Structures are given as C-alpha cells and as structure tokens.
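Asker: Sharing start-v5.cif, mmCIF, C-alpha atoms:
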data_model
#
loop_
_atom_site.label_atom_id
_atom_site.label_comp_id
_atom_site.auth_asym_id
_atom_site.auth_seq_id
_atom_site.Cartn_x
_atom_site.Cartn_y
_atom_site.Cartn_z
CA MET H 1 139.11 56.38 85.61
CA GLU H 2 140.55 54.94 88.81
CA ILE H 3 140.65 58.22 90.66
CA PHE H 4 136.92 58.59 90.04
CA ARG H 5 136.20 55.14 91.38
CA ASP H 6 138.38 55.75 94.45
CA PHE H 7 136.62 58.88 95.35
CA ALA H 8 133.19 57.42 94.51
CA LYS H 9 133.75 54.98 97.39
CA LYS H 10 133.35 57.91 99.75
CA ILE H 11 129.91 58.62 98.28
CA VAL H 12 127.34 56.39 100.01
CA THR H 13 123.99 58.16 99.89
CA LYS H 14 122.23 60.40 97.42
CA GLU H 15 122.76 63.31 99.84
CA ASP H 16 126.54 62.69 99.67
CA LEU H 17 126.34 62.73 95.87
CA ILE H 18 124.40 66.01 95.74
CA PHE H 19 126.82 67.58 98.19
CA PHE H 20 129.82 66.47 96.15
CA LEU H 21 128.37 67.68 92.86
CA GLU H 22 127.80 71.09 94.42
CA GLU H 23 131.44 71.19 95.50
CA ILE H 24 132.53 70.43 91.95
CA ASN H 25 130.32 73.26 90.68
CA LEU H 26 131.95 75.60 93.16
CA VAL H 27 135.49 74.57 92.25
CA GLN H 28 134.69 75.00 88.56
CA ARG H 29 133.97 78.65 89.26
CA LEU H 30 137.49 79.03 90.66
CA ILE H 31 139.32 77.40 87.73
CA PHE H 32 139.57 80.54 85.61
CA LYS H 33 140.25 82.93 88.51
CA ASN H 34 143.93 83.74 89.32
CA THR H 35 145.24 80.94 87.15
CA ASN H 36 148.82 81.37 88.52
CA ILE H 37 147.66 80.11 91.94
CA PRO H 38 147.24 76.32 92.34
CA LEU H 39 143.59 75.19 92.54
CA SER H 40 144.13 73.48 95.91
CA GLU H 41 145.29 76.82 97.35
CA LYS H 42 142.24 78.60 95.97
CA VAL H 43 139.99 75.95 97.50
CA LYS H 44 141.68 76.37 100.89
CA GLU H 45 141.53 80.15 100.71
CA ASN H 46 137.89 80.24 99.79
CA ARG H 47 136.69 77.37 101.89
CA ASP H 48 135.85 79.25 105.09
CA GLU H 49 135.38 82.79 103.79
CA ASP H 50 133.69 83.64 100.49
CA PHE H 51 132.10 80.28 99.87
CA GLY H 52 131.20 79.83 103.49
CA LYS H 53 129.18 83.05 103.52
CA GLU H 54 127.55 82.25 100.22
CA ASP H 55 126.64 78.82 101.51
CA GLU H 56 124.83 80.24 104.50
CA GLU H 57 122.73 82.53 102.33
CA LYS H 58 122.04 80.12 99.50
CA LYS H 59 122.02 76.90 101.55
CA VAL H 60 124.64 75.43 99.22
CA PRO H 61 127.22 72.96 100.59
CA SER H 62 130.71 74.41 100.98
CA PHE H 63 134.07 72.72 100.47
CA ASN H 64 134.82 70.24 103.15
CA PHE H 65 138.14 68.94 104.30
CA ALA H 66 137.85 65.72 102.27
CA PHE H 67 137.25 67.65 99.08
CA ALA H 68 140.22 69.93 99.71
CA GLN H 69 142.33 66.82 100.28
CA LEU H 70 141.07 65.32 97.02
CA ILE H 71 142.10 68.42 95.05
CA GLU H 72 145.53 68.36 96.68
CA GLU H 73 145.88 64.68 95.83
CA LEU H 74 144.81 65.30 92.24
CA GLU H 75 147.46 68.02 91.94
CA LYS H 76 150.18 65.81 93.38
CA LYS H 77 149.31 63.07 90.96
CA LYS H 78 149.28 65.72 88.23
CA ILE H 79 145.78 64.67 87.26
CA ILE H 80 144.80 68.30 87.36
CA SER H 81 147.27 70.67 85.78
CA LYS H 82 147.84 74.39 85.51
CA ASN H 83 145.85 74.47 82.31
CA PRO H 84 142.40 75.78 83.25
CA GLU H 85 140.65 74.38 80.18
CA GLU H 86 142.01 70.86 80.87
CA ASN H 87 140.84 71.14 84.46
CA ARG H 88 137.39 72.26 83.34
CA ILE H 89 137.09 69.17 81.10
CA PHE H 90 138.34 66.94 83.93
CA PHE H 91 135.69 68.16 86.37
CA GLU H 92 132.97 67.92 83.73
CA ASN H 93 133.87 64.26 83.18
CA PHE H 94 134.00 63.69 86.93
CA LYS H 95 130.48 65.08 87.27
CA LYS H 96 129.20 62.88 84.46
CA TYR H 97 130.77 59.80 86.08
CA LEU H 98 129.14 60.55 89.42
CA GLN H 99 125.77 61.34 87.85
CA ASN H 100 125.84 57.99 86.08
CA LEU H 101 126.54 55.97 89.22
CA PRO H 102 123.78 53.36 89.78
CA GLN H 103 121.25 54.28 92.47
CA ILE H 104 119.21 51.99 94.69
CA LYS H 105 116.09 53.42 96.26
CA ILE H 106 115.24 51.88 99.65
CA GLU H 107 112.12 52.93 101.55
CA MET H 108 112.29 52.16 105.29
CA ALA H 109 110.05 52.62 108.34
CA PHE H 110 112.90 54.05 110.48
CA ARG H 111 115.78 56.48 110.19
CA PRO H 112 118.94 54.35 109.90
CA LYS H 113 122.20 55.15 111.67
CA LYS H 114 125.35 55.86 109.62
CA GLU H 115 126.84 52.52 110.55
CA PHE H 116 123.84 50.66 109.22
CA VAL H 117 123.93 52.71 105.99
CA ASN H 118 127.61 51.85 105.51
CA LYS H 119 126.79 48.21 106.23
CA ILE H 120 124.14 48.19 103.48
CA SER H 121 126.50 49.95 101.08
CA LEU H 122 129.26 47.37 101.65
CA TRP H 123 126.78 44.50 101.40
CA LEU H 124 125.54 45.83 98.05
CA GLU H 125 129.10 46.34 96.73
CA LYS H 126 129.91 42.78 97.73
CA GLU H 127 126.70 41.20 96.48
CA ILE H 128 126.07 43.06 93.22
CA LYS H 129 129.77 43.71 92.54
CA GLN H 130 129.15 47.38 91.86
CA ARG H 131 129.36 50.65 93.67
CA ALA H 132 125.81 52.07 94.07
CA VAL H 133 124.45 55.25 95.61
CA LEU H 134 121.74 54.68 98.24
CA ASP H 135 118.59 56.76 97.91
CA LEU H 136 117.14 56.23 101.39
CA ILE H 137 113.54 57.29 102.10
CA PHE H 138 111.94 57.33 105.53
CA ASN H 139 108.29 56.20 105.43
CA PRO H 140 106.73 55.02 108.75
CA GLU H 141 103.59 53.86 106.95
CA ILE H 142 105.35 50.75 105.72
CA VAL H 143 105.61 49.67 109.43
CA GLY H 144 108.78 47.63 108.86
CA GLY H 145 110.91 45.94 106.21
CA ALA H 146 111.66 47.83 102.98
CA ILE H 147 110.47 48.71 99.50
CA ILE H 148 113.40 48.40 97.09
CA GLU H 149 113.66 49.98 93.65
CA TYR H 150 116.59 49.41 91.25
CA GLN H 151 116.93 50.08 87.53
CA GLY H 152 113.23 50.67 87.09
CA ARG H 153 112.11 47.56 89.01
CA GLN H 154 110.46 47.68 92.44
CA ILE H 155 109.69 45.06 95.08
CA ASN H 156 107.72 45.52 98.29
CA PHE H 157 109.02 43.65 101.35
CA SER H 158 107.25 45.84 103.88
CA LEU H 159 105.34 44.73 106.95
CA ALA H 160 102.45 46.95 105.86
CA LYS H 161 102.03 44.78 102.80
CA LYS H 162 102.08 41.62 104.92
CA ILE H 163 99.47 43.09 107.26
CA ASP H 164 97.29 44.02 104.30
CA GLU H 165 97.60 40.47 102.97
CA LEU H 166 96.65 39.00 106.36
CA ILE H 167 93.63 41.29 106.67
CA SER H 168 92.53 40.39 103.13
CA GLN H 169 92.86 36.66 103.91
CA LYS H 170 90.77 37.04 107.11
CA GLN H 171 88.10 38.98 105.30
CA LEU H 172 87.86 36.24 102.66
CA MET A 1 52.08 187.24 85.08
CA GLY A 2 50.62 189.53 87.83
CA ASN A 3 53.29 192.12 87.09
CA GLN A 4 52.33 192.21 83.41
CA ILE A 5 48.62 192.83 84.19
CA PHE A 6 49.57 195.60 86.59
CA PHE A 7 51.83 197.15 83.97
CA ILE A 8 49.07 197.08 81.27
CA ILE A 9 46.47 198.70 83.61
CA LEU A 10 49.01 201.38 84.46
CA ILE A 11 49.52 202.10 80.72
CA GLY A 12 45.70 202.35 80.25
CA PHE A 13 45.38 204.97 83.05
CA GLY A 14 48.36 206.83 81.61
CA VAL A 15 46.64 207.06 78.18
CA LEU A 16 43.42 208.40 79.84
CA ALA A 17 45.34 211.00 81.79
CA ILE A 18 47.12 212.18 78.63
CA ILE A 19 43.76 212.57 76.79
CA LEU A 20 42.25 214.55 79.66
CA PHE A 21 45.33 216.72 79.86
CA GLY A 22 45.14 217.32 76.07
CA LEU A 23 41.51 218.52 76.34
CA ASP A 24 42.34 220.93 79.09
CA ILE A 25 45.14 222.46 77.06
CA TYR A 26 42.77 222.84 74.08
CA TYR A 27 40.21 224.90 76.07
CA LEU A 28 42.73 227.04 77.74
CA THR A 29 44.47 228.00 74.48
CA LYS A 30 41.19 229.48 72.88
CA LYS A 31 40.65 233.40 72.92
CA PRO A 32 38.53 234.69 75.76
CA LYS A 33 36.17 236.32 73.12
CA GLU A 34 35.59 233.13 71.37
CA ARG A 35 35.23 231.48 74.64
CA LYS A 36 32.65 234.07 75.67
CA GLU A 37 30.73 233.74 72.38
CA GLU A 38 30.78 230.10 72.43
CA LYS A 39 30.38 229.95 76.09
CA GLY A 40 26.61 230.01 76.02
CA VAL A 41 25.78 227.58 73.20
CA PHE A 42 28.78 225.85 71.65
CA SER A 43 30.72 225.24 74.77
CA LEU A 44 27.91 223.37 76.35
CA LYS A 45 27.08 221.47 73.18
CA LEU A 46 30.58 220.25 72.57
CA SER A 47 31.29 219.57 76.10
CA GLU A 48 28.49 217.17 76.73
CA LYS A 49 28.70 215.41 73.43
CA PHE A 50 32.36 215.33 73.44
CA LEU A 51 32.53 214.12 76.95
CA LEU A 52 30.10 211.39 76.23
CA GLU A 53 31.91 210.44 73.08
CA LEU A 54 35.19 210.76 74.83
CA GLU A 55 34.01 208.65 77.67
CA LYS A 56 32.64 206.08 75.30
CA MET A 57 35.82 206.13 73.32
CA ILE A 58 37.95 205.89 76.41
CA ASN A 59 35.84 203.11 77.78
CA TRP A 60 35.96 201.32 74.50
CA GLU A 61 39.70 201.87 74.16
CA VAL A 62 40.28 200.78 77.71
CA LYS A 63 38.08 197.78 77.26
CA LYS A 64 39.75 197.01 74.00
CA ALA A 65 43.19 197.45 75.50
CA ILE A 66 42.22 195.36 78.52
CA SER A 67 40.73 192.74 76.22
CA GLU A 68 43.82 192.73 74.05
CA ILE A 69 46.04 192.69 77.06
CA ASN A 70 43.98 189.86 78.55
CA GLN A 71 44.10 188.05 75.25
CA LYS A 72 47.79 188.66 74.95
CA ILE A 73 48.35 187.61 78.54
CA ALA A 74 46.21 184.54 77.99
CA ASP A 75 48.04 183.75 74.74
CA GLU A 76 51.41 184.30 76.30
CA ALA A 77 50.37 182.31 79.33
CA MET A 78 49.08 179.54 77.10
CA GLU A 79 52.24 179.68 75.03
CA SER A 80 54.39 179.65 78.10
CA TYR A 81 52.28 176.90 79.56
CA LYS A 82 52.56 174.93 76.32
CA LYS A 83 56.30 175.46 76.25
CA GLN A 84 56.61 174.48 79.84
CA ILE A 85 54.35 171.48 79.26
CA ALA A 86 56.46 170.53 76.24
CA VAL A 87 59.69 170.96 78.23
CA PHE A 88 58.21 169.12 81.14
CA SER A 89 56.86 166.43 78.83
CA GLN A 90 60.25 166.12 77.14
CA GLU A 91 62.00 166.08 80.46
CA ALA A 92 59.48 163.60 81.78
CA GLU A 93 59.95 161.39 78.73
CA SER A 94 63.71 161.70 79.08
CA LYS A 95 63.43 160.92 82.77
CA ILE A 96 61.15 157.98 82.05
CA ALA A 97 63.57 156.77 79.38
CA ASP A 98 66.47 157.24 81.77
CA TRP A 99 64.53 155.50 84.47
CA ASN A 100 63.66 152.65 82.13
CA GLU A 101 67.30 152.39 81.15
CA ILE A 102 68.40 152.46 84.78
CA THR A 103 65.69 149.97 85.67
CA LYS A 104 66.79 147.68 82.85
CA LYS A 105 70.40 148.01 83.90
CA GLU A 106 69.50 147.38 87.49
CA ILE A 107 67.34 144.41 86.55
CA LEU A 108 70.15 143.07 84.37
CA LYS A 109 72.68 143.71 87.12
CA PHE A 110 70.40 142.06 89.65
CA SER A 111 69.78 139.20 87.27
CA ASN A 112 73.53 138.77 86.74
CA THR A 113 74.14 138.97 90.44
CA CYS A 114 71.40 136.40 91.02
CA SER A 115 72.86 134.19 88.32
CA ARG A 116 76.34 134.48 89.79
CA ALA A 117 74.98 133.87 93.24
CA GLU A 118 73.09 130.84 91.97
CA ASP A 119 76.25 129.53 90.25
CA SER A 120 78.27 130.22 93.35
CA ILE A 121 75.69 128.46 95.55
CA LEU A 122 75.56 125.51 93.17
CA GLU A 123 79.36 125.35 93.02
CA GLU A 124 79.63 125.56 96.77
CA THR A 125 76.89 122.96 97.18
CA LYS A 126 78.68 120.69 94.72
CA ASN A 127 82.00 121.18 96.51
CA ARG A 128 80.39 120.47 99.85
CA THR A 129 78.62 117.45 98.46
CA ASP A 130 81.86 116.20 96.93
CA GLU A 131 83.74 116.77 100.17
CA LEU A 132 81.04 115.05 102.16
CA SER A 133 80.86 112.24 99.63
CA LYS A 134 84.64 111.83 99.65
CA GLY A 135 84.79 111.94 103.41
CA LEU A 136 81.93 109.49 103.59
CA ASP A 137 83.60 107.16 101.10
CA GLU A 138 86.84 107.33 103.05
CA LYS A 139 85.02 106.63 106.29
CA ILE A 140 83.09 103.75 104.77
CA ASP A 141 86.30 102.41 103.25
CA LEU A 142 88.09 102.76 106.58
CA ILE A 143 85.26 100.97 108.38
CA TYR A 144 85.19 98.32 105.66
CA GLN A 145 88.97 97.84 105.79
CA THR A 146 88.95 97.70 109.58
CA ALA A 147 86.07 95.25 109.58
CA LYS A 148 87.68 93.25 106.80
CA GLY A 149 90.99 93.22 108.68
CA LEU A 150 89.28 92.07 111.85
CA VAL A 151 87.26 89.43 110.02
CA ASN A 152 90.35 88.21 108.16
CA GLU A 153 92.29 88.17 111.39
CA LYS A 154 89.54 86.15 113.04
CA ILE A 155 89.29 83.85 110.04
CA GLY A 156 93.07 83.43 110.02
CA GLN A 157 93.13 82.73 113.73
CA THR A 158 90.23 80.28 113.39
CA GLU A 159 91.91 78.55 110.44
CA LYS A 160 95.14 78.32 112.41
CA ASN A 161 93.24 76.90 115.39
CA ILE A 162 91.51 74.37 113.14
CA GLU A 163 94.82 73.47 111.51
CA ASP A 164 96.53 73.09 114.88
CA TYR A 165 93.63 71.00 116.15
CA LYS A 166 93.74 68.90 112.97
CA LYS A 167 97.50 68.35 113.30
CA GLU A 168 97.15 67.44 116.94
CA LYS A 169 94.36 64.99 116.20
CA LEU A 170 96.20 63.50 113.22
CA LYS A 171 99.28 63.09 115.41
CA GLU A 172 97.16 61.32 118.00
CA ILE A 173 95.62 59.13 115.29
CA ASP A 174 99.08 58.41 113.81
CA GLN A 175 100.36 57.41 117.23
CA LYS A 176 97.35 55.16 117.69
CA ILE A 177 97.81 53.70 114.22
CA TYR A 178 101.50 53.03 114.88
CA LEU A 179 100.60 51.42 118.17
CA ILE A 180 98.01 49.28 116.42
CA LEU A 181 100.44 48.53 113.59
CA GLY A 182 103.13 47.73 116.15
CA GLU A 183 100.72 45.37 117.84
CA ILE A 184 99.82 43.77 114.50
CA ALA A 185 103.52 43.53 113.59
CA LYS A 186 104.19 41.92 116.95
CA LYS A 187 101.49 39.40 116.27
CA THR A 188 102.74 38.90 112.69
CA LEU A 189 106.41 38.51 113.62
CA GLY A 190 105.84 37.11 117.07
CA LYS A 191 107.97 39.93 118.60
CA THR A 192 108.07 43.74 119.06
CA VAL A 193 109.53 45.78 116.19
CA ASP A 194 112.52 47.58 117.71
CA PHE A 195 115.48 49.28 115.99
CA SER A 196 117.53 46.13 115.48
CA THR A 197 114.43 44.32 114.18
CA HIS A 198 113.95 47.12 111.63
CA GLU A 199 117.57 46.74 110.49
CA GLU A 200 117.18 42.98 110.34
CA LEU A 201 113.99 43.30 108.28
CA VAL A 202 115.74 45.63 105.81
CA VAL A 203 118.67 43.20 105.38
CA GLN A 204 116.17 40.37 104.85
CA ALA A 205 114.39 42.50 102.23
CA LEU A 206 117.70 43.12 100.41
CA GLU A 207 118.54 39.44 100.43
CA LYS A 208 115.09 38.58 99.06
CA ALA A 209 115.55 41.23 96.38
CA LYS A 210 118.86 39.64 95.43
CA LYS A 211 117.24 36.20 95.29
CA GLU A 212 114.48 37.55 93.13
CA ARG A 213 117.13 39.17 90.91
CA ILE A 214 115.87 42.67 91.54
CA LEU A 215 119.43 43.59 92.47
#
Can I see the file as structure tokens?

Answerer:
Amino acid sequence: MEIFRDFAKKIVTKEDLIFFLEEINLVQRLIFKNTNIPLSEKVKENRDEDFGKEDEEKKVPSFNFAFAQLIEELEKKKIISKNPEENRIFFENFKKYLQNLPQIKIEMAFRPKKEFVNKISLWLEKEIKQRAVLDLIFNPEIVGGAIIEYQGRQINFSLAKKIDELISQKQL
Amino acid sequence: MGNQIFFIILIGFGVLAIILFGLDIYYLTKKPKERKEEKGVFSLKLSEKFLLELEKMINWEVKKAISEINQKIADEAMESYKKQIAVFSQEAESKIADWNEITKKEILKFSNTCSRAEDSILEETKNRTDELSKGLDEKIDLIYQTAKGLVNEKIGQTEKNIEDYKKEKLKEIDQKIYLILGEIAKKTLGKTVDFSTHEELVVQALEKAKKERIL
C-alpha cells in the first residue's frame, strides 16, 4: 500500500520503528472507545494527558505530532473510516508491513549524528533500491570501519580486524 | 478410800458399844435376891469367863470385820483400779489411735505440701530457665544480627570499593587501549581516526559490502 510506503520513509532506524509500532498499539486501544468521535480527535485529546502520564510511568513512547498528522491525513483520504473493525484491520496490516521491512545491522566504533544516519539511509535506498531500517550498534572495540549484517549474511570491515591481521602477519 | 476405812472402824466400835450396853442391861434387870445368891459364886464365874469369851469374840469379830473390810476395801480398790486402768488404757489407746491418725494426716498434709512446694519450685525454676533461655536467645540473636549486619555492611562496602576500583582501572585500561588502538590505526591508515574518518570508513565498508553483494 502506498500510504504505508510513504510513511515508512520517515522510519530510518530500528528505534524509530519500535517507537512507531508502540504508537500504533496505543491508537488501537482508542479505536473502540467513543466511536462517534473521529480517531484523529481522540489522538489529539489523549496525546498530552492520559497517554503522556502513562508513558512516563511505563516508559512507553507517546503520540508525537507526526503520528497525529498521519492519522489526520488517513482520515482525509478516507483510508481510515468510522468503522472501528475496519480501522483495527488497517492498523494490524500496517504493523505487519512495518515489521517486515528489511533491516540492516551496522556496527560502528562511534555514535553517528542524525545527518550521517540519514545519509546512509538514502545511500542504501539508492543503491539497493529498497527502503531498509538501520539497526545501528555502537561498539568502540572495532576501532573504526563497520561490521555489516543483512539477510543473515555478515561482513567485517572493521579496523580491529585489520589490526589483528597485521599483528598475525608480524608474528608469522 | 480413807473415808471408807474410817467409816468401817466407826461401825466396829459402835457394835462393841452396843454389846457392852446389852450386858449392862442384863445384869441390872436381875432380882437383887438372885443377884445376892449368885453374887458369891455364879456372878464371878460368869463374869470372868464371859468377859474372856466376850473379849475373844469381840476381838475375833472386830478382826474379822476389819479383815473383811480390808479385803473389801482392797477388792474395791483393785476393782476401781482395774476399771480406771481399763478406762485409762482405753483412753490411752484411743488417744494413741487419734494421735496416729493426726500424725498420719499431718504427715500426709506435710507430704502434700512438700510435693506441691516441689512442683511449684520446679515450675518456677522451669519458667525462670525458659525466660532466661528466651532472653539469652534473643540477646544472642540480636548480637548475631547486629554483627551480621555490620559484617554484611562492611562486605558490601568492600565489594562496592572493589567494584569502583575495578571500574576505574578498567576505564583507565580502556582509555590506554583506545590510545594504543588509535596509534595503531594511525599507523595503519597513515592518519588519525577522527569523526569524519569514522564516517568515511563506514561509507567505504558499505560500498565494499555492495561490491561483495552482501547488500
């Protein structure tokens, strides 16, 4: 579905994905409450009050502005209707789509800035012709470079590996 | 007893006086003629014999009476004595029996009292022992808990100190390792690994992954 793909563009890292899935879980709990009120209104009403408090206690992400906008957009486009059961099925499918997005695990020796993360994301979209979620792991032991894992395959381009190779060669 | 003897002797003298009085009356009532005729021979004959006989008889009677009286007194005294002895004996036996009964009761009472006292002492001793034991246990437990708390506190503090020291040392070692690794990386790459170098190395890694068809 195009709307899924459009919104998936906003999801760059695995943290973004987890956050978004939590928001869908929260909105699903509102679907069957006060069905005469539009869902976007319920999201707005609950964003800073009930869900905000719950979030603080349970450390669960709350609705953000972008999510509220998405719901509004979905209502305008009549993708979500007044039928609660249809909406439930829609969000279930949305969750499945997001959970099935390809993930690339990249282990790095530094904590990258947001710009660099976006740069990698765009590069990957361009090069592999597919939207992928980045699972970024900070590991200073690799010294530099990266260890990349995708679809069950892994390759080590770290400086630590190069150093090990050099030491091994000198010992021989 | 003395009164009875006195009474019997008095009766004896009374009998003698009556006999003498009777003889006098007999002589006085005889006719003067007869008395004159007899006066020379008969009167003297009878008088001496009679007097002797009379005296003998009186003596014998008196002796007999005294003997009988003595016997009677002795018998009565013996009887009375026997009765008194029997009464006394009975009373004594009764008293002894009573005394034995009282003694038994007293002994039993004393024994019971002793037994109760013994039980009471044992109970009290047990209670005291229990109290002391409980108090002692509580004190020992308190001392143990206090000591345990202190030891645990010390152990905890020591463990924390060791952990802090370990962390500090590991941090120092990590820093040294990164410095060494940085130096090695510098020698490997021919330049220092800064932020942009890191980014560059990651992009290079992604490109290599693409070339090797990992991506």

Asker: Please produce, as a Markdown table, a per-residue contact table for chain A versus chain H (criterion: any atom at most 8 Å away, only C-alpha atoms considered), showing the nearest atom pair and its distance in Å to one decimal, sorted by chain then residue number.

Answerer:
| residue | atom | partner | partner_atom | distance |
| --- | --- | --- | --- | --- |
| A:Tyr178 | CA | H:Val143 | CA | 7.6 |
| A:Leu181 | CA | H:Val143 | CA | 6.7 |
| A:Gly182 | CA | H:Val143 | CA | 7.4 |
| A:Ile184 | CA | H:Ile163 | CA | 7.3 |
| A:Ala185 | CA | H:Leu159 | CA | 7.0 |
| A:Thr188 | CA | H:Ile163 | CA | 7.6 |
| A:Val193 | CA | H:Gly144 | CA | 7.6 |
| A:Phe195 | CA | H:Phe110 | CA | 7.7 |
| A:His198 | CA | H:Gly144 | CA | 5.9 |
| A:Glu199 | CA | H:Phe116 | CA | 7.5 |
| A:Leu201 | CA | H:Gly145 | CA | 4.6 |
| A:Val202 | CA | H:Gly145 | CA | 4.9 |
| A:Val203 | CA | H:Ile120 | CA | 7.6 |
| A:Gln204 | CA | H:Gly145 | CA | 7.8 |
| A:Ala205 | CA | H:Phe157 | CA | 5.6 |
| A:Leu206 | CA | H:Ile148 | CA | 7.6 |
| A:Ala209 | CA | H:Ile155 | CA | 7.1 |
| A:Ile214 | CA | H:Arg153 | CA | 6.7 |
| A:Leu215 | CA | H:Tyr150 | CA | 6.6 |

Asker: For H:Ser81, which residue out of H:Thr13, H:Asn36, H:Asn100, H:Gln69 is the nearest one, using all atoms listed in the file?

Answerer: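 Distance minimum relative to H:Ser81 lands on H:Asn36.
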
Asker: Mind giving me the straight-line distance from atom CA of H:Ala66 to atom CA of H:Leu101 in Å, one decimal?

Answerer: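 Result for atom CA of H:Ala66 versus atom CA of H:Leu101: 19.8 Å, one decimal.
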
Asker: Show which residues sit within 9 Å of H:Glu72, as a PDB file with C-alpha atoms, in the frame of the given file. Count all atoms listed in the file, and ignore same-chain residues fewer than 5 positions away.

Answerer:
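Output (result02.pdb):
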ATOM      1  CA  LEU H  39     143.590  75.190  92.540  1.00  0.00           C
ATOM      2  CA  SER H  40     144.130  73.480  95.910  1.00  0.00           C
ATOM      3  CA  GLU H  41     145.290  76.820  97.350  1.00  0.00           C
ATOM      4  CA  PHE H  67     137.250  67.650  99.080  1.00  0.00           C
ATOM      5  CA  LYS H  77     149.310  63.070  90.960  1.00  0.00           C
TER       6      LYS H  77
END

Asker: Residues picked by the PyMOL selection byres ((chain H and resi 21-29) around 8) here, as a list in words?

Answerer: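 That selection, the PyMOL selection byres ((chain H and resi 21-29) around 8), comes back as Leu17, Ile18, Phe19, Phe20, Leu30, Ile31, Phe32, Lys33, Val43, Val60, Pro61, Ser62, Phe63, Phe67, Arg88, Phe91, Lys95 and Leu98 of chain H.
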
Asker: Can you tell me how far atom CA of H:Lys78 sits from atom CA of H:Phe7, in Å to one decimal?

Answerer: 16.1 Å

Asker: Find the distance between atom CA of H:Gln99 and atom CA of H:Lys129 and write it in Å to one decimal.

Answerer: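 Atom-to-atom, atom CA of H:Gln99 and atom CA of H:Lys129 are spaced 18.7 Å apart.
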
Asker: For A:Ile8, please output as JSON, numbers by chain all residues within 9 Å (counting all atoms listed in the file; exclusion window: fewer than 4 positions along the same chain).

Answerer: {"A": [3, 4, 12, 13, 65, 66, 69]}

Asker: Report as lines of an AutoDock Vina configuration file the centre and the edge lengths, in Å to one decimal, of the axis-aligned box holding every listed atom of stretch 115-119 of chain H, padded by 4 Å on each side.

Answerer:
center_x = 125.7
center_y = 50.5
center_z = 108.0
size_x = 11.8
size_y = 12.5
size_z = 13.0

Asker: Could you list, as a list in words, every residue within 10 Å of H:Arg5, counting all atoms listed in the file and ignoring same-chain residues fewer than 2 positions away?

Answerer: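 Surrounding residues, per the criterion: Met1, Glu2, Ile3, Phe7, Ala8, Lys9, Lys10, Ile11, Phe94, Tyr97, Leu98, Leu101 and Arg131 of chain H.
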